[in-house]
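Below is the file model_2.pdb, which contains PDB, C-alpha atoms, pLDDT in the B column.
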ATOM      1  CA  MET A   1      32.132 -83.791  34.823  1.00 77.00           C
ATOM      2  CA  PRO A   2      28.588 -82.525  34.499  1.00 84.00           C
ATOM      3  CA  SER A   3      26.126 -83.120  37.329  1.00 90.00           C
ATOM      4  CA  ILE A   4      23.180 -85.490  36.879  1.00 92.00           C
ATOM      5  CA  GLU A   5      20.952 -82.434  36.452  1.00 94.00           C
ATOM      6  CA  LYS A   6      23.190 -81.128  33.654  1.00 93.00           C
ATOM      7  CA  HIS A   7      23.256 -84.542  31.933  1.00 93.00           C
ATOM      8  CA  VAL A   8      19.443 -84.697  32.147  1.00 95.00           C
ATOM      9  CA  ALA A   9      19.109 -81.191  30.663  1.00 95.00           C
ATOM     10  CA  ILE A  10      21.525 -82.048  27.830  1.00 93.00           C
ATOM     11  CA  SER A  11      19.595 -85.267  27.087  1.00 94.00           C
ATOM     12  CA  LYS A  12      16.305 -83.373  27.049  1.00 96.00           C
ATOM     13  CA  GLN A  13      17.737 -80.836  24.622  1.00 95.00           C
ATOM     14  CA  ARG A  14      19.338 -83.495  22.417  1.00 92.00           C
ATOM     15  CA  THR A  15      16.549 -86.113  22.354  1.00 93.00           C
ATOM     16  CA  GLY A  16      13.420 -84.556  23.824  1.00 95.00           C
ATOM     17  CA  LYS A  17      13.642 -87.060  26.718  1.00 95.00           C
ATOM     18  CA  THR A  18      15.449 -86.690  30.038  1.00 96.00           C
ATOM     19  CA  ASN A  19      16.787 -90.266  30.223  1.00 95.00           C
ATOM     20  CA  GLN A  20      17.064 -89.547  33.946  1.00 96.00           C
ATOM     21  CA  GLN A  21      17.145 -93.251  34.871  1.00 96.00           C
ATOM     22  CA  VAL A  22      20.236 -93.673  32.671  1.00 96.00           C
ATOM     23  CA  HIS A  23      22.117 -90.745  34.208  1.00 96.00           C
ATOM     24  CA  GLU A  24      21.182 -91.620  37.791  1.00 97.00           C
ATOM     25  CA  TRP A  25      22.312 -95.211  37.256  1.00 97.00           C
ATOM     26  CA  ILE A  26      25.680 -94.193  35.785  1.00 96.00           C
ATOM     27  CA  ASP A  27      26.419 -91.614  38.482  1.00 96.00           C
ATOM     28  CA  ASP A  28      25.247 -93.660  41.503  1.00 96.00           C
ATOM     29  CA  PRO A  29      27.992 -92.788  44.026  1.00 95.00           C
ATOM     30  CA  GLN A  30      28.414 -96.401  45.187  1.00 97.00           C
ATOM     31  CA  HIS A  31      29.026 -97.685  41.641  1.00 96.00           C
ATOM     32  CA  LYS A  32      30.175 -94.625  39.712  1.00 95.00           C
ATOM     33  CA  GLU A  33      33.722 -95.782  39.006  1.00 95.00           C
ATOM     34  CA  ASP A  34      32.618 -99.193  37.743  1.00 96.00           C
ATOM     35  CA  ARG A  35      29.825 -97.740  35.604  1.00 95.00           C
ATOM     36  CA  HIS A  36      32.205 -95.293  33.936  1.00 95.00           C
ATOM     37  CA  ASP A  37      34.597 -98.148  33.032  1.00 95.00           C
ATOM     38  CA  ILE A  38      35.230 -97.722  29.304  1.00 91.00           C
ATOM     39  CA  THR A  39      35.954-101.462  28.933  1.00 95.00           C
ATOM     40  CA  ARG A  40      32.318-102.212  29.861  1.00 96.00           C
ATOM     41  CA  VAL A  41      30.663 -99.829  27.373  1.00 95.00           C
ATOM     42  CA  LEU A  42      29.303-102.626  25.172  1.00 96.00           C
ATOM     43  CA  GLU A  43      27.955-104.567  28.138  1.00 97.00           C
ATOM     44  CA  PHE A  44      26.191-101.595  29.695  1.00 97.00           C
ATOM     45  CA  SER A  45      24.932-100.139  26.414  1.00 96.00           C
ATOM     46  CA  ARG A  46      23.338-103.516  25.577  1.00 97.00           C
ATOM     47  CA  MET A  47      21.713-103.544  29.001  1.00 97.00           C
ATOM     48  CA  PHE A  48      20.195-100.090  28.379  1.00 96.00           C
ATOM     49  CA  GLN A  49      19.105-101.072  24.890  1.00 97.00           C
ATOM     50  CA  GLU A  50      17.268-104.129  26.209  1.00 97.00           C
ATOM     51  CA  LYS A  51      15.695-102.239  29.104  1.00 96.00           C
ATOM     52  CA  TYR A  52      14.882 -98.817  27.608  1.00 95.00           C
ATOM     53  CA  GLY A  53      15.671 -98.952  23.887  1.00 95.00           C
ATOM     54  CA  GLU A  54      18.330 -97.777  21.436  1.00 95.00           C
ATOM     55  CA  GLU A  55      18.091 -94.104  22.382  1.00 95.00           C
ATOM     56  CA  ALA A  56      18.842 -94.831  26.062  1.00 95.00           C
ATOM     57  CA  ALA A  57      21.870 -96.893  25.006  1.00 96.00           C
ATOM     58  CA  ARG A  58      23.132 -93.951  22.931  1.00 95.00           C
ATOM     59  CA  GLU A  59      22.559 -91.592  25.858  1.00 95.00           C
ATOM     60  CA  TYR A  60      24.643 -93.870  28.087  1.00 96.00           C
ATOM     61  CA  VAL A  61      27.554 -93.616  25.633  1.00 95.00           C
ATOM     62  CA  GLN A  62      26.967 -89.865  25.220  1.00 95.00           C
ATOM     63  CA  HIS A  63      27.042 -89.434  29.024  1.00 96.00           C
ATOM     64  CA  LEU A  64      30.504 -91.006  29.080  1.00 95.00           C
ATOM     65  CA  ALA A  65      31.646 -88.798  26.192  1.00 93.00           C
ATOM     66  CA  ASP A  66      30.313 -85.671  27.918  1.00 92.00           C
ATOM     67  CA  ASP A  67      32.182 -86.631  31.097  1.00 92.00           C
ATOM     68  CA  LEU A  68      35.425 -87.173  29.179  1.00 89.00           C
ATOM     69  CA  ASN A  69      35.034 -83.860  27.360  1.00 86.00           C
ATOM     70  CA  GLY A  70      34.446 -82.136  30.687  1.00 80.00           C
ATOM     71  CA  LYS A  71      37.582 -83.685  32.161  1.00 78.00           C
ATOM     72  CA  PHE A  72      39.781 -82.820  29.191  1.00 75.00           C
ATOM     73  CA  ASN A  73      38.444 -79.272  28.917  1.00 70.00           C
ATOM     74  CA  HIS A  74      39.193 -78.789  32.605  1.00 70.00           C
ATOM     75  CA  LEU A  75      42.736 -80.120  32.111  1.00 74.00           C
ATOM     76  CA  VAL A  76      43.348 -77.752  29.192  1.00 76.00           C
ATOM     77  CA  GLU A  77      42.169 -74.820  31.308  1.00 79.00           C
ATOM     78  CA  ASP A  78      44.439 -75.910  34.195  1.00 77.00           C
ATOM     79  CA  VAL A  79      47.450 -76.180  31.884  1.00 79.00           C
ATOM     80  CA  GLN A  80      46.744 -72.726  30.423  1.00 81.00           C
ATOM     81  CA  VAL A  81      46.673 -71.228  33.931  1.00 81.00           C
ATOM     82  CA  LEU A  82      50.038 -72.848  34.687  1.00 83.00           C
ATOM     83  CA  VAL A  83      51.519 -71.579  31.422  1.00 82.00           C
ATOM     84  CA  ASP A  84      50.272 -68.056  32.133  1.00 81.00           C
ATOM     85  CA  LYS A  85      51.719 -68.155  35.657  1.00 84.00           C
ATOM     86  CA  THR A  86      55.057 -69.429  34.353  1.00 82.00           C
ATOM     87  CA  LEU A  87      55.195 -66.698  31.711  1.00 78.00           C
ATOM     88  CA  ALA A  88      54.351 -64.045  34.282  1.00 80.00           C
ATOM     89  CA  TYR A  89      56.964 -65.391  36.698  1.00 78.00           C
ATOM     90  CA  SER A  90      59.676 -65.316  34.033  1.00 80.00           C
ATOM     91  CA  GLY A  91      58.676 -61.843  32.874  1.00 79.00           C
ATOM     92  CA  ALA A  92      57.570 -63.000  29.449  1.00 74.00           C
ATOM     93  CA  LYS A  93      54.404 -61.661  27.964  1.00 68.00           C
ATOM     94  CA  LYS A  94      51.689 -63.833  26.543  1.00 66.00           C
ATOM     95  CA  ARG A  95      51.421 -63.355  22.789  1.00 65.00           C
ATOM     96  CA  GLN A  96      48.168 -61.655  21.811  1.00 68.00           C
ATOM     97  CA  GLU A  97      46.172 -63.373  19.103  1.00 65.00           C
ATOM     98  CA  LYS A  98      45.366 -61.214  16.111  1.00 67.00           C
ATOM     99  CA  PRO A  99      41.695 -60.907  15.228  1.00 66.00           C
ATOM    100  CA  GLN A 100      40.802 -62.432  11.888  1.00 64.00           C
TER     101      GLN A 100
END
Written form, structure tokens:
Amino acid sequence: MPSIEKHVAISKQRTGKTNQQVHEWIDDPQHKEDRHDITRVLEFSRMFQEKYGEEAAREYVQHLADDLNGKFNHLVEDVQVLVDKTLAYSGAKKRQEKPQ
């Protein structure tokens, strides 16, 4: 998952605003698990909309999406490493992709 600094930089690039208060709130270490609870997305996005506006609410949802993408990308990389190790152990060679 991206750090708060990375989330802030992505928000700045995407919207022109850092939305730092949004990212710090979501990633507060004492509440991080609860604030990343996908079943509370509507509740928390409404809270951000009321407090900071529609764009902050979208950035809250985007923060969650960026975290999920980071997790899944990491899992795919981990699986690929395991596949490569298994192939090497069994003496099989990884198939080379042909350039298009």
Margin query: My list of candidates is A:Val22, A:Ser90, A:Glu77, A:Ile4. Which is closest to Phe48 (chain A) when distances are computed with all atoms listed in the file?
Written below: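 Looking only at the distances to Phe48 (chain A), the closest residue turns out to be A:Val22.
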Note to self: Taking (28.9, -91.5, 40.9) in the coordinates of the supplied file, I want to know which residues reach to within 12 Å of it, counting all atoms listed in the file; could you give the answer as a ChimeraX atom specification?
What the structure shows: /A:1-4,23-37,64,67
Check: What gap, in Å, lies between CA of Phe72 (chain A) and CA of Gly91 (chain A)?
Finding: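 A separation of 28.5 Å between them.
Here the question is which of A:Lys6, A:Lys17, A:Lys85, A:His74 gets nearest to Glu59 (chain A) using all atoms listed in the file, and that residue is A:Lys17.
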Checklist line | Distance criterion (all atoms listed in the file): nearest to Arg40 (chain A) out of A:Leu87, A:Val61, A:Val76, A:Ala9 | finding: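 For Arg40 (chain A), the nearest of the candidates is A:Val61.
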Margin query: Report, in Å with one decimal, the straight-line distance from CA of Ala56 (chain A) to CA of Asn73 (chain A).
Written below: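 For CA of Ala56 (chain A) relative to CA of Asn73 (chain A), the distance reads 25.2 Å.
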